>>> print(open('data-v5.cif').read())   # mmCIF, C-alpha atoms
data_target
#
loop_
_atom_site.label_atom_id
_atom_site.label_comp_id
_atom_site.auth_asym_id
_atom_site.auth_seq_id
_atom_site.Cartn_x
_atom_site.Cartn_y
_atom_site.Cartn_z
CA MET L 23 52.74 -26.90 83.48
CA TYR L 24 53.88 -24.43 80.86
CA THR L 25 53.58 -20.73 81.59
CA THR L 26 54.32 -17.96 79.12
CA ASP L 27 57.43 -16.76 80.92
CA MET L 28 59.21 -20.12 80.57
CA TYR L 29 61.96 -20.98 78.10
CA THR L 30 60.90 -23.76 75.77
CA GLY L 31 62.61 -25.42 72.85
CA VAL L 32 62.69 -28.71 70.98
CA HIS L 33 65.29 -30.03 68.59
CA ALA L 34 63.72 -32.50 66.16
CA GLU L 35 65.40 -34.43 63.36
CA THR L 36 65.71 -37.79 61.65
CA ILE L 37 68.55 -39.95 62.89
CA THR L 38 69.76 -43.52 62.39
CA MET L 39 69.77 -46.09 65.16
CA LYS L 40 70.34 -49.80 65.62
CA GLY L 41 67.17 -51.87 65.49
CA ALA L 42 66.37 -55.60 65.36
CA ASN L 43 69.32 -57.81 64.41
CA GLY L 44 71.63 -54.80 64.67
CA ASP L 45 70.14 -53.31 61.49
CA GLU L 46 70.56 -49.57 60.96
CA ILE L 47 67.12 -47.99 60.59
CA ASN L 48 65.96 -44.42 60.65
CA ALA L 49 63.97 -42.74 63.40
CA TYR L 50 62.48 -39.37 64.23
CA LEU L 51 63.98 -37.92 67.40
CA ALA L 52 62.74 -34.86 69.27
CA ARG L 53 64.69 -33.60 72.30
CA PRO L 54 63.65 -30.91 74.74
CA LEU L 55 66.25 -28.16 74.97
CA GLY L 56 67.38 -26.64 78.22
CA LYS L 57 69.20 -27.85 81.27
CA GLY L 58 68.41 -30.92 83.28
CA LYS L 59 67.69 -34.58 82.83
CA PHE L 60 64.57 -35.68 81.00
CA PRO L 61 62.51 -38.88 80.90
CA ALA L 62 62.16 -40.48 77.48
CA MET L 63 59.44 -41.97 75.31
CA VAL L 64 59.53 -44.48 72.47
CA LEU L 65 56.59 -44.23 70.06
CA ALA L 66 55.39 -47.23 68.03
CA HIS L 67 53.71 -45.85 64.92
CA HIS L 68 50.39 -47.10 63.59
CA MET L 69 49.45 -49.17 60.56
CA PRO L 70 49.32 -46.14 58.20
CA GLY L 71 53.04 -45.84 58.75
CA TRP L 72 55.76 -43.49 59.89
CA ASP L 73 53.64 -40.54 58.98
CA GLU L 74 52.97 -36.91 59.79
CA TRP L 75 50.67 -37.68 62.75
CA TYR L 76 53.52 -39.59 64.42
CA MET L 77 56.01 -36.82 63.74
CA GLU L 78 53.57 -34.43 65.39
CA ALA L 79 53.07 -36.81 68.32
CA THR L 80 56.86 -37.08 68.69
CA PHE L 81 57.08 -33.32 68.92
CA LYS L 82 54.14 -33.20 71.35
CA PHE L 83 55.72 -35.57 73.85
CA SER L 84 59.01 -33.71 73.55
CA ASN L 85 57.29 -30.39 74.06
CA HIS L 86 55.92 -31.88 77.29
CA GLY L 87 59.46 -32.63 78.47
CA PHE L 88 60.20 -36.11 77.12
CA ILE L 89 63.10 -37.08 74.88
CA THR L 90 61.04 -38.86 72.24
CA ILE L 91 61.98 -41.26 69.48
CA THR L 92 59.79 -42.85 66.82
CA PRO L 93 61.62 -45.55 64.88
CA ASN L 94 60.54 -46.23 61.31
CA LEU L 95 59.25 -49.77 61.78
CA TYR L 96 58.73 -50.03 58.00
CA PHE L 97 62.31 -49.02 57.15
CA ARG L 98 63.11 -52.40 55.59
CA SER L 99 60.21 -52.11 53.15
CA GLY L 100 61.90 -49.32 51.23
CA HIS L 101 61.25 -45.62 50.88
CA GLY L 102 58.53 -43.51 49.35
CA THR L 103 55.60 -41.60 50.75
CA PRO L 104 54.50 -43.02 54.13
CA GLU L 105 51.27 -44.23 52.49
CA ASP L 106 53.02 -46.06 49.66
CA VAL L 107 55.46 -47.73 52.07
CA ALA L 108 52.60 -48.71 54.39
CA ALA L 109 50.64 -50.13 51.44
CA LYS L 110 53.64 -52.30 50.59
CA VAL L 111 53.84 -53.54 54.18
CA ARG L 112 50.09 -54.21 54.14
CA ALA L 113 50.46 -56.31 50.98
CA ASP L 114 53.21 -58.30 52.69
CA GLY L 115 50.92 -59.09 55.62
CA GLY L 116 52.56 -56.66 58.03
CA ILE L 117 55.93 -56.82 59.77
CA SER L 118 57.03 -59.59 62.09
CA ASP L 119 56.53 -59.20 65.82
CA ASP L 120 60.17 -60.10 66.48
CA GLN L 121 61.38 -57.31 64.20
CA ALA L 122 59.05 -54.72 65.75
CA VAL L 123 60.11 -55.64 69.29
CA GLY L 124 63.79 -55.52 68.28
CA ASP L 125 63.40 -52.07 66.72
CA LEU L 126 61.52 -50.69 69.73
CA GLU L 127 64.06 -52.15 72.14
CA GLY L 128 66.83 -50.53 70.07
CA ALA L 129 65.02 -47.19 70.31
CA MET L 130 64.74 -47.59 74.09
CA LYS L 131 68.48 -48.21 74.39
CA TYR L 132 69.24 -45.25 72.13
CA VAL L 133 67.31 -42.71 74.19
CA ARG L 134 68.44 -44.14 77.53
CA GLY L 135 72.01 -43.66 76.37
CA LEU L 136 71.64 -39.95 75.69
CA ASP L 137 73.46 -37.59 78.06
CA ASN L 138 70.35 -35.79 79.26
CA SER L 139 68.24 -38.93 79.88
CA ASN L 140 67.03 -39.41 83.45
CA GLY L 141 67.07 -43.18 82.85
CA LYS L 142 63.29 -43.64 82.67
CA VAL L 143 61.77 -44.73 79.35
CA GLY L 144 58.11 -45.21 78.48
CA ILE L 145 56.47 -46.51 75.33
CA PHE L 146 53.33 -45.38 73.51
CA GLY L 147 51.52 -46.76 70.50
CA THR L 148 48.22 -46.55 68.67
CA CYS L 149 46.45 -49.12 66.50
CA SER L 150 49.03 -51.77 65.44
CA GLY L 151 51.52 -49.60 67.34
CA GLY L 152 49.57 -50.19 70.56
CA ARG L 153 49.97 -53.89 69.96
CA HIS L 154 53.67 -53.54 69.16
CA ALA L 155 54.17 -51.35 72.25
CA TYR L 156 52.53 -54.00 74.43
CA LEU L 157 54.71 -56.75 72.95
CA ALA L 158 57.82 -54.66 73.53
CA ALA L 159 56.84 -53.84 77.12
CA CYS L 160 56.37 -57.55 77.83
CA ARG L 161 59.29 -58.99 75.90
CA ALA L 162 62.04 -56.33 76.10
CA LYS L 163 63.18 -55.53 79.59
CA GLY L 164 63.70 -51.90 80.48
CA PHE L 165 60.48 -50.00 79.86
CA ASP L 166 59.08 -48.10 82.85
CA ALA L 167 55.56 -47.39 81.56
CA ILE L 168 53.39 -48.28 78.57
CA ILE L 169 50.42 -46.57 76.94
CA ASP L 170 48.34 -48.76 74.65
CA CYS L 171 45.85 -46.75 72.60
CA TRP L 172 43.28 -49.02 70.94
CA GLY L 173 45.87 -51.65 70.02
CA GLY L 174 44.17 -54.20 67.77
CA ASN L 175 44.98 -57.90 67.92
CA VAL L 176 46.36 -57.80 71.46
CA VAL L 177 43.91 -60.65 71.97
CA MET L 178 44.16 -62.80 68.83
CA GLU L 179 41.96 -65.70 67.87
CA LYS L 180 44.19 -66.74 64.98
CA THR L 181 47.97 -66.35 64.86
CA ASN L 182 50.31 -66.55 61.85
CA PRO L 183 54.07 -66.95 61.28
CA LYS L 184 54.74 -63.20 61.61
CA MET L 185 52.50 -62.90 64.67
CA PRO L 186 52.94 -66.32 66.28
CA VAL L 187 51.72 -65.52 69.81
CA SER L 188 48.72 -63.50 70.94
CA PRO L 189 50.30 -60.59 72.86
CA HIS L 190 48.00 -60.99 75.87
CA GLU L 191 49.69 -64.34 76.51
CA TYR L 192 52.87 -62.44 77.42
CA THR L 193 51.07 -60.52 80.17
CA LYS L 194 52.84 -62.36 82.99
CA ASP L 195 56.11 -60.84 81.70
CA LEU L 196 54.88 -57.23 81.69
CA SER L 197 57.23 -55.36 84.00
CA CYS L 198 55.76 -51.84 84.07
CA PRO L 199 52.45 -50.04 84.67
CA ILE L 200 50.07 -49.81 81.70
CA LEU L 201 47.55 -47.17 80.66
CA GLY L 202 45.01 -48.32 78.07
CA LEU L 203 42.68 -46.00 76.15
CA PHE L 204 39.89 -47.56 74.08
CA GLY L 205 36.64 -46.67 72.32
CA GLU L 206 33.52 -48.69 72.95
CA GLU L 207 32.55 -48.56 69.26
CA ASP L 208 35.85 -50.06 68.10
CA SER L 209 35.78 -53.35 66.19
CA SER L 210 39.50 -54.06 66.81
CA PRO L 211 39.89 -54.23 69.74
CA THR L 212 36.28 -54.88 70.67
CA PRO L 213 35.21 -54.07 74.26
CA GLU L 214 35.05 -57.84 74.81
CA GLN L 215 38.69 -58.26 73.75
CA VAL L 216 39.71 -55.37 76.01
CA LYS L 217 37.90 -57.15 78.85
CA ILE L 218 39.84 -60.36 78.19
CA HIS L 219 43.10 -58.38 78.24
CA GLU L 220 42.06 -56.65 81.47
CA GLU L 221 41.25 -60.00 83.11
CA GLU L 222 44.71 -61.24 82.18
CA LEU L 223 46.34 -58.15 83.76
CA LYS L 224 44.23 -58.65 86.88
CA LYS L 225 45.11 -62.35 87.05
CA HIS L 226 48.83 -61.57 87.06
CA GLY L 227 48.52 -58.70 89.53
CA LYS L 228 49.70 -56.02 87.10
CA ASN L 229 49.44 -52.27 87.67
CA TYR L 230 46.92 -51.22 85.03
CA GLU L 231 44.53 -48.38 84.25
CA PHE L 232 42.05 -48.92 81.40
CA HIS L 233 39.56 -46.37 80.11
CA MET L 234 36.76 -47.24 77.71
CA TYR L 235 35.36 -44.09 76.06
CA PRO L 236 31.72 -43.95 75.00
CA ASN L 237 30.85 -42.55 71.58
CA ALA L 238 34.33 -43.31 70.28
CA GLY L 239 35.68 -45.92 67.90
CA HIS L 240 39.08 -46.78 66.50
CA GLY L 241 41.62 -43.96 66.26
CA PHE L 242 39.62 -41.26 67.98
CA PHE L 243 42.75 -39.07 68.47
CA TYR L 244 43.25 -38.66 64.71
CA TYR L 245 42.07 -35.13 63.95
CA HIS L 246 42.34 -35.75 60.19
CA ARG L 247 39.90 -38.67 60.19
CA PRO L 248 36.11 -38.87 60.66
CA ALA L 249 36.69 -41.04 63.75
CA TYR L 250 38.08 -37.99 65.59
CA ARG L 251 36.36 -37.29 68.91
CA PRO L 252 37.65 -34.02 70.38
CA ASP L 253 36.33 -34.39 73.94
CA GLN L 254 37.66 -37.91 74.34
CA THR L 255 40.97 -36.86 72.78
CA VAL L 256 41.47 -33.96 75.16
CA ASP L 257 40.70 -36.21 78.11
CA GLY L 258 42.93 -38.98 76.73
CA TRP L 259 45.99 -36.74 76.38
CA LYS L 260 45.40 -35.46 79.90
CA LYS L 261 45.34 -39.02 81.23
CA ILE L 262 48.51 -39.84 79.27
CA PHE L 263 50.55 -36.98 80.71
CA THR L 264 49.23 -37.55 84.24
CA PHE L 265 50.20 -41.23 83.96
CA LEU L 266 53.67 -40.40 82.63
CA GLU L 267 54.34 -37.77 85.27
CA LYS L 268 53.53 -40.37 87.91
CA HIS L 269 55.71 -43.13 86.47
CA LEU L 270 58.55 -41.38 84.61
CA GLY L 271 58.85 -38.06 86.37
CA MET Q 29 48.01 -53.97 60.12
CA CYS Q 30 44.93 -54.28 62.17
CA THR Q 31 42.92 -56.92 60.31
CA MET Q 32 45.73 -58.70 58.43
CA ILE Q 33 43.19 -59.67 55.75
CA THR Q 34 45.12 -59.39 52.49
CA GLN Q 35 45.62 -61.31 49.26
CA SER Q 36 47.50 -60.62 46.05
CA VAL Q 37 46.81 -61.60 42.44
CA LYS Q 38 48.92 -61.22 39.30
CA ILE Q 39 47.20 -59.01 36.74
CA ASP Q 40 47.89 -57.67 33.27
CA GLY Q 41 46.79 -54.19 32.29
CA SER Q 42 47.40 -50.48 32.63
CA GLY Q 43 46.47 -47.75 35.07
CA LYS Q 44 46.72 -43.99 35.17
CA HIS Q 45 49.19 -42.66 37.71
CA ASN Q 46 50.17 -38.98 38.02
CA ASN Q 47 48.56 -38.34 34.62
CA GLU Q 48 50.70 -41.01 32.97
CA TRP Q 49 49.67 -44.51 31.94
CA ILE Q 50 51.71 -47.23 33.62
CA LYS Q 51 51.85 -51.01 33.31
CA LEU Q 52 50.19 -52.89 36.18
CA GLU Q 53 51.39 -56.32 37.21
CA GLN Q 54 49.72 -57.16 40.52
CA ALA Q 55 46.66 -56.26 42.58
CA ASN Q 56 46.98 -56.30 46.37
CA VAL Q 57 43.52 -56.64 47.87
CA SER Q 58 42.95 -56.03 51.57
CA PHE Q 59 40.23 -55.19 54.05
CA ASP Q 60 41.90 -52.86 56.50
CA HIS Q 61 42.21 -49.23 57.57
CA PRO Q 62 42.04 -46.79 54.66
CA PHE Q 63 44.33 -43.78 54.31
CA HIS Q 64 41.62 -41.52 52.93
CA ALA Q 65 38.09 -42.98 52.65
CA PRO Q 66 35.92 -41.96 55.65
CA TYR Q 67 35.49 -45.43 57.17
CA GLU Q 68 37.25 -47.50 59.82
CA HIS Q 69 37.85 -50.33 57.35
CA THR Q 70 37.57 -50.45 53.57
CA LEU Q 71 38.15 -52.86 50.72
CA ASN Q 72 41.48 -51.62 49.40
CA ILE Q 73 42.97 -52.45 46.03
CA ASP Q 74 46.51 -51.41 45.26
CA PHE Q 75 47.23 -51.93 41.57
CA VAL Q 76 51.02 -52.03 41.45
CA ASN Q 77 54.11 -52.69 39.42
CA GLU Q 78 57.68 -52.82 40.66
CA SER Q 79 57.70 -49.23 41.89
CA GLN Q 80 54.33 -47.55 41.36
CA ARG Q 81 50.86 -47.83 42.87
CA VAL Q 82 47.34 -46.91 41.83
CA ALA Q 83 45.11 -47.15 44.90
CA VAL Q 84 41.38 -47.35 45.56
CA GLU Q 85 39.58 -47.61 48.89
CA LEU Q 86 35.93 -48.71 48.71
CA SER Q 87 33.19 -49.13 51.28
CA GLU Q 88 32.18 -52.76 51.74
CA SER Q 89 28.88 -52.29 49.86
CA ALA Q 90 30.57 -50.34 47.06
CA ALA Q 91 33.12 -53.13 46.64
CA ARG Q 92 30.39 -55.76 46.39
CA ASP Q 93 28.45 -53.65 43.87
CA LEU Q 94 31.61 -53.18 41.83
CA VAL Q 95 32.39 -56.90 41.75
CA GLN Q 96 28.83 -57.65 40.64
CA THR Q 97 28.97 -54.97 37.95
CA ILE Q 98 32.33 -56.17 36.62
CA LEU Q 99 31.01 -59.70 36.32
CA GLU Q 100 27.83 -58.55 34.58
CA VAL Q 101 29.79 -56.50 32.06
CA LEU Q 102 32.19 -59.37 31.39
CA ASN Q 103 29.30 -61.81 30.98
CA GLN Q 104 27.57 -59.45 28.54
CA ALA Q 105 30.79 -58.98 26.59
CA GLU Q 106 31.27 -62.73 26.42
CA ALA Q 107 27.66 -63.32 25.37
CA GLU Q 108 28.03 -60.82 22.54
CA GLY Q 109 31.21 -62.48 21.31
CA HIS Q 110 33.63 -59.70 22.20
CA VAL Q 111 35.84 -61.58 24.62
CA GLU Q 112 37.01 -64.10 22.06
CA LYS Q 113 37.66 -61.39 19.45
CA GLN Q 114 39.62 -59.32 21.96
CA SER Q 115 41.88 -62.21 22.94
CA VAL Q 116 42.85 -63.05 19.32
#
>>> encode(input="data-v5.cif", output="structure tokens")
Amino acid sequence: MYTTDMYTGVHAETITMKGANGDEINAYLARPLGKGKFPAMVLAHHMPGWDEWYMEATFKFSNHGFITITPNLYFRSGHGTPEDVAAKVRADGGISDDQAVGDLEGAMKYVRGLDNSNGKVGIFGTCSGGRHAYLAACRAKGFDAIIDCWGGNVVMEKTNPKMPVSPHEYTKDLSCPILGLFGEEDSSPTPEQVKIHEEELKKHGKNYEFHMYPNAGHGFFYYHRPAYRPDQTVDGWKKIFTFLEKHLG
Amino acid sequence: MCTMITQSVKIDGSGKHNNEWIKLEQANVSFDHPFHAPYEHTLNIDFVNESQRVAVELSESAARDLVQTILEVLNQAEAEGHVEKQSV
């Protein structure tokens, strides 16, 4: 817990890293300053792109003592404002699951290789990023904890060439504890889909902790959107840092 | 992409972008999260060319009303003989 007599500092910048297929992509990296080894976090950004909210979230995790990296999963779609790039990705039907998993795995290896890493790496994502984080935690070995915030399409009824497997079908391969935060008014994922996912985790004996918030829908952390729910957000962040302290500390 | 519901159509026309008129070549139509409109999902139309975008995000009912209105205006224009004249 931070007290006012403590030294605190974060160094944040854009860097390049190796992603899927060895491609160089850019990423936002925030590192706590000061002595000691730190756990690390990989953030999977949401459908609206590699945007300001994710830069702020990167800083927030770092300010709480985590080396944090957010790769630009839309790097290959060109550059422009985050909205314009995300609109281009949307028109293309999204990015492929293989590419997202490769980029997130590359980010995990990058932060684990830093001198002041304690070797533990978690992953966090919201919206499509929650889905990508879950895929990465199942398919790429090496994550020590995952936080899925309202990841849509983790339970899919219809797949497509870019998203060929419903992520919940990879549940048997999940190798770390999972914290899930959801809103009961969400339409993607619906509470029913969250229940299906939870049953799958239970079936395979996974370490999971799911919370379904009342009076909250999709994206209730986003303070710049009407869906923002301050009470649920405060409680959600508290649960996130308690979970990470337990599994990455 | 949370819904993945998207389609594109080639178009021919112009749009105003940063106070300048630009040529528009394609419309990308989706029903997904908006960037600005105060809803969880909206009917989004990105009118684009190679490098520029003119975007609208409409509520589901507004989008249906707009489609209906466009068709009514086009039908009236056709009935009054303007469509043929315009295309000459």
>>> closest_atom_pairs(input="data-v5.cif", of="region 141-178 of chain L", to="region 214-232 of chain L", cutoff="10 Å", atoms="all atoms listed in the file", output="CSV")
residue,atom,partner,partner_atom,distance
L:Ala167,CA,L:Asn229,CA,9.9
L:Ile168,CA,L:Tyr230,CA,9.6
L:Ile169,CA,L:Glu231,CA,9.6
L:Asp170,CA,L:Phe232,CA,9.2
L:Cys171,CA,L:Phe232,CA,9.8
L:Trp172,CA,L:Val216,CA,8.9
L:Gly173,CA,L:Val216,CA,9.4
L:Gly174,CA,L:Gln215,CA,9.1
L:Asn175,CA,L:Gln215,CA,8.6
L:Val176,CA,L:His219,CA,7.5
L:Val177,CA,L:Gln215,CA,6.0
L:Met178,CA,L:Gln215,CA,8.6
>>> interface_residues(input="data-v5.cif", of="chain L", to="chain Q", cutoff="10 Å", atoms="only C-alpha atoms", output="NGL selection string")
:L and (68-71 or 102 or 105-106 or 108-117 or 149-151 or 153 or 173-175 or 182 or 208-211 or 239-241 or 246-249)
>>> resolve_selection(input="data-v5.cif", expression="the PyMOL selection byres ((chain L and resi 85) around 12)", output="number ranges by chain")
L: 23-24, 29-34, 52-56, 60, 62-63, 78-84, 86-90, 263
>>> atom_distance(input="data-v5.cif", atom1="CA of Ala42 (chain L)", atom2="CA of Gln121 (chain L)")
5.4 Å
>>> residues_around(input="data-v5.cif", residues="Ser42 (chain Q)", least_positions_apart="3", cutoff="8 Å", atoms="all atoms listed in the file", output="PyMOL selection string")
chain Q and resi 49-52
>>> closest_residue(input="data-v5.cif", among="Q:Glu78, Q:Val37, Q:Ile98, Q:Val84", to="Gly100 (chain L)", atoms="all atoms listed in the file")
Q:Glu78
>>> residues_near_point(input="data-v5.cif", point="(69.8, -43.4, 85.0)", cutoff="12 Å", atoms="all atoms listed in the file", output="ChimeraX atom specification")
/L:59-62,131,133-143,164,166,270
>>> resolve_selection(input="data-v5.cif", expression="the PyMOL selection byres ((chain L and resi 122) around 12)", output="PyMOL selection string")
chain L and resi 41-43+45+47+65-68+92-98+116-121+123-129+147+150-159+161-162+184-185
>>> resolve_selection(input="data-v5.cif", expression="the PyMOL selection byres ((chain L and resi 253-258) around 8)", output="MDAnalysis selection string")
chainID L and resid 203 235 238 242:243 250:252 259:262
>>> atom_distance(input="data-v5.cif", atom1="CA of Ile200 (chain L)", atom2="CA of Phe265 (chain L)")
8.9 Å
>>> closest_residue(input="data-v5.cif", among="L:Lys194, L:Ile91, L:His269, L:Tyr132", to="Glu35 (chain L)", atoms="only C-alpha atoms")
L:Ile91
>>> atom_distance(input="data-v5.cif", atom1="CA of Glu267 (chain L)", atom2="CA of Tyr245 (chain L)")
24.7 Å
>>> decode(input="data-v5.cif", residues="region 45-64 of chain Q", atoms="N, CA and C atoms", output="mmCIF file, in the first residue's frame")
data_model
loop_
_atom_site.group_PDB
_atom_site.id
_atom_site.type_symbol
_atom_site.label_atom_id
_atom_site.label_comp_id
_atom_site.auth_asym_id
_atom_site.auth_seq_id
_atom_site.Cartn_x
_atom_site.Cartn_y
_atom_site.Cartn_z
ATOM 1 N N HIS Q 45 -14.933 16.125 -44.744
ATOM 2 C CA HIS Q 45 -13.974 15.606 -43.783
ATOM 3 C C HIS Q 45 -13.020 16.734 -43.422
ATOM 4 N N ASN Q 46 -12.973 17.106 -42.137
ATOM 5 C CA ASN Q 46 -12.110 18.218 -41.714
ATOM 6 C C ASN Q 46 -12.339 19.469 -42.561
ATOM 7 N N ASN Q 47 -13.618 19.758 -42.839
ATOM 8 C CA ASN Q 47 -14.004 20.948 -43.593
ATOM 9 C C ASN Q 47 -13.573 20.927 -45.061
ATOM 10 N N GLU Q 48 -13.193 19.743 -45.543
ATOM 11 C CA GLU Q 48 -12.840 19.616 -46.958
ATOM 12 C C GLU Q 48 -13.679 18.497 -47.557
ATOM 13 N N TRP Q 49 -14.089 18.665 -48.797
ATOM 14 C CA TRP Q 49 -14.811 17.584 -49.474
ATOM 15 C C TRP Q 49 -13.815 16.548 -49.977
ATOM 16 N N ILE Q 50 -14.132 15.294 -49.761
ATOM 17 C CA ILE Q 50 -13.256 14.208 -50.224
ATOM 18 C C ILE Q 50 -14.075 13.194 -51.005
ATOM 19 N N LYS Q 51 -13.415 12.454 -51.863
ATOM 20 C CA LYS Q 51 -14.077 11.395 -52.634
ATOM 21 C C LYS Q 51 -14.273 10.176 -51.736
ATOM 22 N N LEU Q 52 -15.425 9.553 -51.820
ATOM 23 C CA LEU Q 52 -15.689 8.352 -51.023
ATOM 24 C C LEU Q 52 -15.866 7.156 -51.939
ATOM 25 N N GLU Q 53 -15.237 6.054 -51.583
ATOM 26 C CA GLU Q 53 -15.213 4.890 -52.472
ATOM 27 C C GLU Q 53 -15.867 3.649 -51.875
ATOM 28 N N GLN Q 54 -15.994 3.618 -50.552
ATOM 29 C CA GLN Q 54 -16.517 2.401 -49.917
ATOM 30 C C GLN Q 54 -17.230 2.774 -48.620
ATOM 31 N N ALA Q 55 -18.269 2.009 -48.294
ATOM 32 C CA ALA Q 55 -18.933 2.182 -46.990
ATOM 33 C C ALA Q 55 -18.773 0.881 -46.211
ATOM 34 N N ASN Q 56 -18.219 0.985 -45.020
ATOM 35 C CA ASN Q 56 -18.083 -0.177 -44.138
ATOM 36 C C ASN Q 56 -19.190 -0.075 -43.091
ATOM 37 N N VAL Q 57 -20.082 -1.039 -43.118
ATOM 38 C CA VAL Q 57 -21.258 -0.997 -42.248
ATOM 39 C C VAL Q 57 -21.113 -2.077 -41.177
ATOM 40 N N SER Q 58 -21.246 -1.694 -39.930
ATOM 41 C CA SER Q 58 -21.110 -2.687 -38.859
ATOM 42 C C SER Q 58 -22.122 -2.413 -37.753
ATOM 43 N N PHE Q 59 -22.370 -3.427 -36.956
ATOM 44 C CA PHE Q 59 -23.150 -3.246 -35.724
ATOM 45 C C PHE Q 59 -22.239 -3.702 -34.591
ATOM 46 N N ASP Q 60 -21.649 -2.726 -33.930
ATOM 47 C CA ASP Q 60 -20.622 -3.061 -32.929
ATOM 48 C C ASP Q 60 -20.483 -1.886 -31.961
ATOM 49 N N HIS Q 61 -19.491 -1.951 -31.095
ATOM 50 C CA HIS Q 61 -19.302 -0.873 -30.123
ATOM 51 C C HIS Q 61 -18.991 0.446 -30.831
ATOM 52 N N PRO Q 62 -19.667 1.518 -30.415
ATOM 53 C CA PRO Q 62 -19.311 2.829 -30.977
ATOM 54 C C PRO Q 62 -18.118 3.432 -30.231
ATOM 55 N N PHE Q 63 -17.505 4.435 -30.843
ATOM 56 C CA PHE Q 63 -16.447 5.183 -30.157
ATOM 57 C C PHE Q 63 -17.050 6.345 -29.366
ATOM 58 N N HIS Q 64 -18.179 6.863 -29.849
ATOM 59 C CA HIS Q 64 -18.709 8.084 -29.245
ATOM 60 C C HIS Q 64 -20.181 8.000 -28.836
#
